[in-house]
>>> print(open('data.cif').read())   # mmCIF, C-alpha atoms and all ligand atoms
data_structure
loop_
_atom_site.label_atom_id
_atom_site.label_comp_id
_atom_site.auth_asym_id
_atom_site.auth_seq_id
_atom_site.Cartn_x
_atom_site.Cartn_y
_atom_site.Cartn_z
CA MET A 18 65.46 35.12 26.70
CA SER A 19 64.53 34.68 30.32
CA ILE A 20 65.95 35.41 33.74
CA THR A 21 68.58 32.95 34.99
CA TYR A 22 68.73 32.18 38.72
CA LYS A 23 72.20 31.30 39.97
CA ASP A 24 72.78 28.32 42.28
CA ALA A 25 75.58 28.20 44.87
CA ALA A 26 78.23 27.38 42.26
CA GLY A 27 77.01 30.11 39.95
CA ILE A 28 77.02 32.64 42.77
CA GLU A 29 80.59 31.73 43.62
CA GLY A 30 81.57 32.11 39.95
CA MET A 31 79.90 35.54 39.84
CA ARG A 32 81.62 36.63 43.06
CA ILE A 33 85.01 35.83 41.59
CA ALA A 34 84.31 37.49 38.23
CA GLY A 35 82.84 40.55 39.95
CA ARG A 36 85.82 41.00 42.23
CA LEU A 37 88.25 40.63 39.32
CA ALA A 38 86.44 43.32 37.29
CA ALA A 39 86.65 45.68 40.28
CA GLU A 40 90.33 44.85 40.75
CA VAL A 41 91.04 45.89 37.16
CA LEU A 42 89.68 49.34 38.09
CA ASP A 43 91.82 49.35 41.27
CA TYR A 44 94.87 48.56 39.16
CA LEU A 45 94.09 51.33 36.64
CA THR A 46 93.38 54.04 39.22
CA PRO A 47 96.91 55.42 39.74
CA PHE A 48 97.47 55.64 35.97
CA ILE A 49 94.42 57.81 35.25
CA LYS A 50 96.13 61.21 35.20
CA PRO A 51 96.49 64.06 32.70
CA GLY A 52 98.47 62.92 29.65
CA ILE A 53 97.53 59.23 29.54
CA THR A 54 95.55 58.15 26.49
CA THR A 55 92.52 55.94 26.74
CA ASN A 56 94.30 53.46 24.45
CA GLU A 57 97.07 53.23 27.05
CA ILE A 58 94.44 52.56 29.72
CA ASP A 59 92.97 49.87 27.47
CA ARG A 60 96.35 48.23 27.00
CA LEU A 61 97.13 48.27 30.72
CA ALA A 62 93.78 46.64 31.47
CA SER A 63 94.10 44.06 28.71
CA ASP A 64 97.56 43.00 29.95
CA TYR A 65 96.37 42.87 33.57
CA MET A 66 93.35 40.72 32.72
CA THR A 67 95.17 38.24 30.53
CA GLN A 68 98.59 38.10 32.22
CA VAL A 69 97.82 38.67 35.91
CA GLN A 70 94.21 37.59 36.43
CA GLY A 71 93.80 34.86 33.83
CA SER A 72 90.55 36.55 32.82
CA ILE A 73 89.48 37.76 29.39
CA SER A 74 87.69 40.92 28.34
CA ALA A 75 84.01 40.43 27.54
CA THR A 76 83.91 43.57 25.42
CA LEU A 77 86.70 42.69 22.95
CA GLY A 78 84.90 41.46 19.83
CA TYR A 79 81.49 41.75 21.47
CA GLY A 80 78.89 42.32 18.76
CA PRO A 81 75.23 41.81 19.46
CA PRO A 82 72.92 41.82 16.40
CA GLY A 83 73.00 45.21 14.70
CA TYR A 84 76.39 46.19 16.13
CA VAL A 85 79.90 45.99 14.72
CA PRO A 86 82.21 43.94 17.00
CA TYR A 87 83.49 46.17 19.83
CA PRO A 88 87.25 46.65 19.20
CA LYS A 89 88.68 47.21 22.70
CA SER A 90 89.04 45.55 26.11
CA LEU A 91 87.06 48.20 28.01
CA CYS A 92 84.96 51.34 27.49
CA THR A 93 86.18 54.86 28.27
CA SER A 94 83.53 57.58 28.16
CA VAL A 95 84.94 61.09 28.58
CA ASN A 96 82.99 64.24 29.59
CA HIS A 97 79.85 64.41 27.41
CA GLN A 98 80.26 60.83 26.25
CA VAL A 99 77.46 58.89 27.93
CA CYS A 100 78.65 55.32 27.46
CA HIS A 101 80.47 52.86 25.18
CA GLY A 102 83.25 55.32 24.36
CA ILE A 103 85.99 53.50 22.43
CA PRO A 104 89.56 54.08 23.66
CA ASN A 105 91.71 56.20 21.32
CA ASP A 106 95.05 58.04 21.16
CA LYS A 107 93.85 61.36 22.56
CA PRO A 108 95.46 62.16 25.94
CA LEU A 109 93.20 62.88 28.89
CA LYS A 110 93.61 66.42 30.19
CA LYS A 111 93.20 68.11 33.55
CA GLY A 112 89.53 68.69 34.30
CA ASP A 113 88.21 65.73 32.27
CA ILE A 114 85.90 63.19 33.86
CA VAL A 115 86.07 59.67 32.51
CA ASN A 116 84.00 56.56 33.08
CA VAL A 117 85.99 53.34 32.78
CA ASP A 118 83.73 50.31 32.31
CA VAL A 119 85.32 46.88 32.68
CA THR A 120 83.72 43.52 31.97
CA VAL A 121 85.75 40.36 32.48
CA ILE A 122 84.97 36.71 31.91
CA LYS A 123 86.44 34.20 34.37
CA ASP A 124 85.56 30.49 34.20
CA GLY A 125 82.61 31.40 32.00
CA TRP A 126 81.11 33.96 34.40
CA HIS A 127 80.90 37.70 33.69
CA GLY A 128 81.91 40.51 36.06
CA ASP A 129 80.82 44.04 35.02
CA THR A 130 81.54 47.30 36.85
CA SER A 131 82.42 50.91 36.14
CA ARG A 132 83.60 53.97 38.04
CA MET A 133 84.11 57.66 37.34
CA PHE A 134 87.61 59.12 37.51
CA LEU A 135 88.47 62.80 37.92
CA VAL A 136 91.51 63.69 35.79
CA GLY A 137 93.52 66.16 37.88
CA ASP A 138 91.55 69.07 39.32
CA CYS A 139 87.98 69.21 38.06
CA SER A 140 85.24 71.83 38.27
CA ILE A 141 82.86 71.77 41.20
CA ALA A 142 80.07 71.01 38.72
CA ALA A 143 81.90 67.95 37.37
CA LYS A 144 82.77 66.66 40.85
CA ARG A 145 79.20 67.12 42.04
CA LEU A 146 77.80 65.24 39.02
CA CYS A 147 80.13 62.28 39.65
CA HIS A 148 79.33 62.24 43.36
CA VAL A 149 75.56 62.49 42.91
CA THR A 150 75.60 59.76 40.26
CA TYR A 151 77.46 57.47 42.69
CA GLU A 152 74.83 58.17 45.33
CA ALA A 153 72.06 57.62 42.77
CA MET A 154 73.42 54.14 42.02
CA TRP A 155 73.38 53.33 45.74
CA HIS A 156 69.83 54.64 46.14
CA GLY A 157 68.90 51.97 43.60
CA ILE A 158 71.06 49.23 45.15
CA MET A 159 69.58 49.68 48.62
CA ARG A 160 66.08 48.86 47.27
CA VAL A 161 67.18 45.34 46.27
CA ARG A 162 65.58 42.52 48.27
CA PRO A 163 63.29 39.58 47.49
CA GLY A 164 59.75 40.82 46.89
CA ALA A 165 60.82 44.29 45.75
CA ARG A 166 60.26 45.14 42.09
CA LEU A 167 62.51 46.48 39.37
CA GLY A 168 60.38 49.64 39.27
CA ASP A 169 61.38 50.36 42.88
CA ILE A 170 65.04 50.55 41.82
CA GLY A 171 64.40 52.82 38.86
CA HIS A 172 62.12 55.08 40.85
CA ALA A 173 64.67 55.55 43.64
CA ILE A 174 67.40 56.49 41.17
CA GLN A 175 65.23 58.84 39.12
CA THR A 176 63.73 60.63 42.11
CA PHE A 177 67.11 61.25 43.69
CA ALA A 178 68.86 62.37 40.47
CA GLU A 179 66.07 64.68 39.35
CA LYS A 180 65.83 66.27 42.82
CA GLN A 181 69.46 67.31 42.31
CA GLY A 182 68.54 68.95 39.00
CA TYR A 183 69.98 66.23 36.77
CA SER A 184 68.38 63.95 34.18
CA VAL A 185 68.40 60.18 33.69
CA VAL A 186 69.31 58.58 30.34
CA ARG A 187 66.45 56.28 29.26
CA GLU A 188 67.89 54.44 26.27
CA PHE A 189 70.41 52.30 28.17
CA CYS A 190 69.79 50.27 31.28
CA GLY A 191 71.24 47.77 33.69
CA HIS A 192 70.89 44.10 32.79
CA GLY A 193 70.83 40.58 34.04
CA ILE A 194 74.27 39.00 33.77
CA GLY A 195 75.80 35.57 34.26
CA GLN A 196 77.20 33.20 31.68
CA LYS A 197 75.94 35.75 29.16
CA PHE A 198 77.02 39.41 29.19
CA HIS A 199 73.54 40.83 28.74
CA GLU A 200 70.65 38.73 30.07
CA ASP A 201 67.12 39.52 31.13
CA PRO A 202 65.84 41.48 32.91
CA GLN A 203 66.40 45.05 31.79
CA VAL A 204 67.03 47.23 34.82
CA LEU A 205 65.68 50.71 34.03
CA HIS A 206 67.07 53.66 35.97
CA TYR A 207 63.69 55.41 36.05
CA GLY A 208 60.17 54.23 36.72
CA ARG A 209 57.33 53.73 39.14
CA PRO A 210 57.44 51.87 42.44
CA GLY A 211 55.67 48.52 42.60
CA THR A 212 55.93 47.93 38.84
CA LEU A 213 57.83 45.43 36.65
CA ASP A 214 59.45 42.12 37.63
CA GLU A 215 59.64 40.94 41.22
CA LEU A 216 63.16 40.38 42.55
CA LYS A 217 63.94 36.82 43.65
CA PRO A 218 66.99 35.25 45.33
CA GLY A 219 69.64 34.10 42.87
CA MET A 220 69.06 36.89 40.35
CA THR A 221 72.22 38.77 39.36
CA PHE A 222 72.02 42.06 37.51
CA THR A 223 73.78 45.37 37.12
CA ILE A 224 72.65 48.81 38.24
CA GLU A 225 74.45 51.40 36.11
CA PRO A 226 72.72 54.76 35.91
CA MET A 227 73.84 57.31 33.34
CA ILE A 228 73.06 60.80 34.66
CA ASN A 229 73.35 64.00 32.62
CA LEU A 230 74.02 67.47 33.93
CA GLY A 231 71.69 68.88 31.26
CA LYS A 232 68.88 67.24 29.30
CA ARG A 233 68.48 63.48 29.11
CA ASP A 234 68.57 63.28 25.30
CA ILE A 235 71.44 61.42 23.64
CA LYS A 236 72.74 60.81 20.13
CA ASP A 237 75.43 58.77 18.40
CA GLY A 238 78.91 60.19 18.86
CA PRO A 239 80.53 62.11 15.98
CA GLU A 240 83.05 59.30 15.45
CA LYS A 241 80.26 57.21 13.88
CA ASP A 242 82.02 54.15 15.27
CA GLY A 243 78.77 52.31 15.88
CA TRP A 244 79.16 52.46 19.66
CA SER A 245 79.93 55.77 21.33
CA ILE A 246 76.98 57.77 22.64
CA VAL A 247 77.03 61.46 23.65
CA THR A 248 74.60 63.89 25.24
CA ARG A 249 72.61 65.78 22.62
CA ASP A 250 73.20 69.11 24.41
CA HIS A 251 76.90 68.27 25.03
CA SER A 252 76.40 68.53 28.80
CA LEU A 253 78.56 66.33 31.02
CA SER A 254 77.39 62.79 31.75
CA ALA A 255 78.44 60.41 34.53
CA GLN A 256 77.90 56.70 35.21
CA TRP A 257 78.72 54.17 37.92
CA GLU A 258 78.02 50.45 37.77
CA HIS A 259 77.87 47.63 40.28
CA MET A 260 76.77 44.03 39.82
CA ILE A 261 74.27 42.86 42.43
CA LEU A 262 73.07 39.48 43.71
CA VAL A 263 69.58 39.20 45.22
CA THR A 264 70.04 37.22 48.46
CA GLU A 265 67.40 35.63 50.75
CA THR A 266 67.36 38.77 52.90
CA GLY A 267 68.54 41.61 50.67
CA TYR A 268 71.47 42.05 48.35
CA GLU A 269 75.16 41.43 47.94
CA VAL A 270 77.34 43.73 45.83
CA LEU A 271 79.52 41.44 43.72
CA THR A 272 81.87 44.10 42.35
CA LEU A 273 83.51 45.39 45.53
CA SER A 274 87.29 45.39 45.94
CA ALA A 275 89.92 47.00 48.13
CA GLY A 276 89.82 50.13 46.00
CA SER A 277 86.04 50.58 45.83
CA PRO A 278 84.90 53.97 47.10
CA PRO A 279 83.15 53.81 50.49
CA VAL A 280 79.48 52.92 50.70
CA PRO A 281 77.50 56.15 51.32
CA ALA A 282 76.44 56.74 54.93
CA PHE A 283 72.73 56.73 54.01
CA VAL A 284 72.86 53.05 52.97
CA PRO A 285 71.56 50.83 55.82
CA GLN A 286 74.16 48.26 56.81
CA PRO A 287 73.11 44.76 57.83
CA ALA A 288 72.83 44.41 61.62
CA PRO A 289 75.94 42.78 63.07
CA VAL A 290 75.48 39.10 63.85
CA GLN A 291 74.91 38.68 67.61
CA ALA A 292 77.83 36.95 69.32
CA THR A 293 76.81 33.65 70.92
CA ALA A 294 76.98 33.39 74.73
CA ASN A 295 80.44 32.33 76.00
CA ALA A 296 81.93 32.85 72.54
N1 LIG B 301 80.01 47.16 30.05
C1 LIG B 301 78.86 47.73 29.36
C2 LIG B 301 77.67 47.46 30.25
O1 LIG B 301 77.74 47.84 31.37
C3 LIG B 301 78.65 47.17 27.99
C4 LIG B 301 79.76 47.47 27.08
S1 LIG B 301 79.49 46.65 25.61
C5 LIG B 301 80.74 47.20 24.64
O2 LIG B 301 76.71 46.83 29.93
F1 LIG B 301 80.74 46.42 23.62
F2 LIG B 301 80.51 48.46 24.37
F3 LIG B 301 81.90 47.13 25.29
CO CO B 302 76.62 46.47 32.47
CO CO B 303 79.65 47.76 32.25
#
>>> encode(input="data.cif", output="structure tokens", more="lines below")
Ligand code: MF3
Ligand code: CO
Ligand code: CO
Amino acid sequence: MSITYKDAAGIEGMRIAGRLAAEVLDYLTPFIKPGITTNEIDRLASDYMTQVQGSISATLGYGPPGYVPYPKSLCTSVNHQVCHGIPNDKPLKKGDIVNVDVTVIKDGWHGDTSRMFLVGDCSIAAKRLCHVTYEAMWHGIMRVRPGARLGDIGHAIQTFAEKQGYSVVREFCGHGIGQKFHEDPQVLHYGRPGTLDELKPGMTFTIEPMINLGKRDIKDGPEKDGWSIVTRDHSLSAQWEHMILVTETGYEVLTLSAGSPPVPAFVPQPAPVQATANA
């Protein structure tokens, strides 16, 4: 496989798919409270995609070589689940943290994004992990510009997360995305600056760090469902995901919506365009 560079039409397709994926999370937000099951969240999302958006889930039936087809329309990873948690009939309870990861397909283009949700009141430790992981994702995003390298992104995320006393999962990474769900390149969330592929305009990829409160080691979940991954030490794990376009001058986040949390204050904002004289 190789990296695909999106032209103007492809970029527009990715903008639409990205926004729709984010809007599924907006729609789900008020429902994510103590007592709801992850299967109910899955059903709400599936209905919203198919009946309101005219999109389809990219995860339902997704089965790369070596995997059984994924059975649900999104992933829900609770507490020490790292990623790819499969929705089930267990109600969420006060104090849980849950990652909801949504990937839609619209007009052949994929939109992939995830957020953390706090279920009722959560411990300070859980809230801090979710917050720091969000900031870690943005430390990676703000490195994106033509001429930068993938290693710059990973290094920024790793340095920030480890400075806070957390660890970065190594076995799963961000990915190129477009008309395929998982394309080249792999986007590692750790690494050395100035290494790996150079970023070029038209690339679209995700940045989706998984950060553990304890050690970085992971294992298959006890369900043995072929998908769910947990921390080996059972410490909490958090993840956020945005889909990014490399532009001529920097980056565009393709998975923003009305309900996206604010961009952290440390992220440089593009200078406002100077008003023309007499305008
Ligand atoms: N959405 C996940 C990602 O960010 C992949 C989920 S694949 C599934 O890459 F089959 F587990 F749903
Ligand atoms: Co992804
Ligand atoms: Co995802």
>>> residues_around(input="data.cif", residues="range 215-225 of chain A", least_positions_apart="5", cutoff="6 Å", atoms="all atoms listed in the file", output="PyMOL selection string")
chain A and resi 22-23+163-166+191-194+257-265
>>> residues_near_point(input="data.cif", point="(65.2, 55.1, 28.9)", cutoff="12 Å", atoms="all atoms listed in the file", output="list in words")
Gly171, Gln175, Ser184, Val185, Val186, Arg187, Glu188, Phe189, Cys190, Gly191, Gln203, Val204, Leu205, His206, Tyr207, Gly208, Pro226, Met227, Ile228, Arg233, Asp234 and Ile235 of chain A
>>> residues_near_ligand(input="data.cif", ligand="ligand CO 303 (chain B)", cutoff="6 Å", atoms="only C-alpha atoms and all ligand atoms", output="MDAnalysis selection string")
chainID A and resid 118:120 129:131
>>> atom_distance(input="data.cif", atom1="CA of Trp155 in chain A", atom2="CA of Asp59 in chain A")
27.0 Å
>>> closest_residue(input="data.cif", among="A:Pro287, A:Pro104, A:Gly112, A:Gly267", to="Ser245 in chain A", atoms="only C-alpha atoms")
A:Pro104
>>> atom_distance(input="data.cif", atom1="CA of Val121 in chain A", atom2="CA of Thr248 in chain A")
27.0 Å
>>> closest_residue(input="data.cif", among="A:Gly231, A:Gly168, A:Pro210, A:Pro82", to="Ser252 in chain A", atoms="only C-alpha atoms")
A:Gly231
>>> residues_around(input="data.cif", residues="Met18 in chain A", least_positions_apart="4", cutoff="9 Å", atoms="only C-alpha atoms", output="MDAnalysis selection string")
chainID A and resid 200:202
>>> residues_near_point(input="data.cif", point="(71.1, 66.9, 34.4)", cutoff="6 Å", atoms="all atoms listed in the file", output="ChimeraX atom specification")
/A:182-184,229-232
>>> closest_residue(input="data.cif", among="A:Gly137, A:Pro47, A:Gly27, A:Gly243", to="ligand LIG 301 (chain B)", atoms="only C-alpha atoms and all ligand atoms")
A:Gly243
>>> residues_around(input="data.cif", residues="range 88-92 of chain A", least_positions_apart="6", cutoff="8 Å", atoms="all atoms listed in the file", output="PyMOL selection string")
chain A and resi 59-60+62-63+74-79+100-104+116-120
>>> decode(input="data.cif", residues="range 30-103 of chain A", atoms="C-alpha atoms", output="PDB file, in the first residue's frame")
ATOM      1  CA  GLY A  30     -15.463  14.319   0.471  1.00  0.00           C
ATOM      2  CA  MET A  31     -13.227  13.925   3.536  1.00  0.00           C
ATOM      3  CA  ARG A  32     -14.505  17.187   5.053  1.00  0.00           C
ATOM      4  CA  ILE A  33     -18.069  15.960   4.805  1.00  0.00           C
ATOM      5  CA  ALA A  34     -17.322  12.482   6.174  1.00  0.00           C
ATOM      6  CA  GLY A  35     -15.226  13.949   8.997  1.00  0.00           C
ATOM      7  CA  ARG A  36     -17.915  16.374  10.063  1.00  0.00           C
ATOM      8  CA  LEU A  37     -20.563  13.635  10.009  1.00  0.00           C
ATOM      9  CA  ALA A  38     -18.449  11.364  12.247  1.00  0.00           C
ATOM     10  CA  ALA A  39     -18.038  14.227  14.734  1.00  0.00           C
ATOM     11  CA  GLU A  40     -21.764  14.956  14.593  1.00  0.00           C
ATOM     12  CA  VAL A  41     -22.525  11.369  15.595  1.00  0.00           C
ATOM     13  CA  LEU A  42     -20.524  12.030  18.777  1.00  0.00           C
ATOM     14  CA  ASP A  43     -22.405  15.327  19.301  1.00  0.00           C
ATOM     15  CA  TYR A  44     -25.680  13.449  18.987  1.00  0.00           C
ATOM     16  CA  LEU A  45     -24.601  10.748  21.461  1.00  0.00           C
ATOM     17  CA  THR A  46     -23.247  13.129  24.108  1.00  0.00           C
ATOM     18  CA  PRO A  47     -26.438  13.785  26.121  1.00  0.00           C
ATOM     19  CA  PHE A  48     -27.200  10.052  26.280  1.00  0.00           C
ATOM     20  CA  ILE A  49     -23.880   9.037  27.834  1.00  0.00           C
ATOM     21  CA  LYS A  50     -24.966   8.908  31.479  1.00  0.00           C
ATOM     22  CA  PRO A  51     -24.981   6.284  34.245  1.00  0.00           C
ATOM     23  CA  GLY A  52     -27.339   3.418  33.350  1.00  0.00           C
ATOM     24  CA  ILE A  53     -27.070   3.455  29.556  1.00  0.00           C
ATOM     25  CA  THR A  54     -25.522   0.349  28.013  1.00  0.00           C
ATOM     26  CA  THR A  55     -22.914   0.535  25.299  1.00  0.00           C
ATOM     27  CA  ASN A  56     -25.252  -1.512  23.092  1.00  0.00           C
ATOM     28  CA  GLU A  57     -27.837   1.261  23.465  1.00  0.00           C
ATOM     29  CA  ILE A  58     -25.195   3.805  22.445  1.00  0.00           C
ATOM     30  CA  ASP A  59     -24.371   1.614  19.444  1.00  0.00           C
ATOM     31  CA  ARG A  60     -28.016   1.430  18.417  1.00  0.00           C
ATOM     32  CA  LEU A  61     -28.524   5.186  18.752  1.00  0.00           C
ATOM     33  CA  ALA A  62     -25.470   5.816  16.582  1.00  0.00           C
ATOM     34  CA  SER A  63     -26.419   3.225  13.990  1.00  0.00           C
ATOM     35  CA  ASP A  64     -29.918   4.717  13.620  1.00  0.00           C
ATOM     36  CA  TYR A  65     -28.536   8.268  13.426  1.00  0.00           C
ATOM     37  CA  MET A  66     -25.998   7.356  10.737  1.00  0.00           C
ATOM     38  CA  THR A  67     -28.372   5.409   8.540  1.00  0.00           C
ATOM     39  CA  GLN A  68     -31.642   7.303   9.082  1.00  0.00           C
ATOM     40  CA  VAL A  69     -30.542  10.905   9.655  1.00  0.00           C
ATOM     41  CA  GLN A  70     -27.152  11.263   7.968  1.00  0.00           C
ATOM     42  CA  GLY A  71     -27.397   8.790   5.109  1.00  0.00           C
ATOM     43  CA  SER A  72     -23.978   7.509   6.144  1.00  0.00           C
ATOM     44  CA  ILE A  73     -22.941   3.963   7.001  1.00  0.00           C
ATOM     45  CA  SER A  74     -20.698   2.640   9.743  1.00  0.00           C
ATOM     46  CA  ALA A  75     -17.229   1.649   8.570  1.00  0.00           C
ATOM     47  CA  THR A  76     -16.724  -0.634  11.554  1.00  0.00           C
ATOM     48  CA  LEU A  77     -19.779  -2.888  11.084  1.00  0.00           C
ATOM     49  CA  GLY A  78     -18.445  -6.031   9.425  1.00  0.00           C
ATOM     50  CA  TYR A  79     -14.929  -4.622   9.168  1.00  0.00           C
ATOM     51  CA  GLY A  80     -12.463  -7.500   9.146  1.00  0.00           C
ATOM     52  CA  PRO A  81      -8.903  -6.989   8.024  1.00  0.00           C
ATOM     53  CA  PRO A  82      -6.844 -10.176   7.488  1.00  0.00           C
ATOM     54  CA  GLY A  83      -6.437 -12.049  10.771  1.00  0.00           C
ATOM     55  CA  TYR A  84      -9.506 -10.471  12.399  1.00  0.00           C
ATOM     56  CA  VAL A  85     -13.085 -11.665  12.764  1.00  0.00           C
ATOM     57  CA  PRO A  86     -15.554  -9.146  11.264  1.00  0.00           C
ATOM     58  CA  TYR A  87     -16.234  -6.371  13.798  1.00  0.00           C
ATOM     59  CA  PRO A  88     -19.878  -6.798  14.920  1.00  0.00           C
ATOM     60  CA  LYS A  89     -20.951  -3.256  15.868  1.00  0.00           C
ATOM     61  CA  SER A  90     -21.362   0.250  14.442  1.00  0.00           C
ATOM     62  CA  LEU A  91     -18.822   1.892  16.773  1.00  0.00           C
ATOM     63  CA  CYS A  92     -16.249   1.082  19.465  1.00  0.00           C
ATOM     64  CA  THR A  93     -16.777   1.746  23.171  1.00  0.00           C
ATOM     65  CA  SER A  94     -13.698   1.341  25.364  1.00  0.00           C
ATOM     66  CA  VAL A  95     -14.436   1.651  29.082  1.00  0.00           C
ATOM     67  CA  ASN A  96     -11.902   2.377  31.875  1.00  0.00           C
ATOM     68  CA  HIS A  97      -8.939   0.016  31.398  1.00  0.00           C
ATOM     69  CA  GLN A  98     -10.046  -0.933  27.893  1.00  0.00           C
ATOM     70  CA  VAL A  99      -7.521   0.684  25.563  1.00  0.00           C
ATOM     71  CA  CYS A 100      -9.352   0.468  22.240  1.00  0.00           C
ATOM     72  CA  HIS A 101     -11.731  -1.570  20.057  1.00  0.00           C
ATOM     73  CA  GLY A 102     -14.078  -2.349  22.938  1.00  0.00           C
ATOM     74  CA  ILE A 103     -17.220  -4.012  21.564  1.00  0.00           C
TER      75      ILE A 103
END
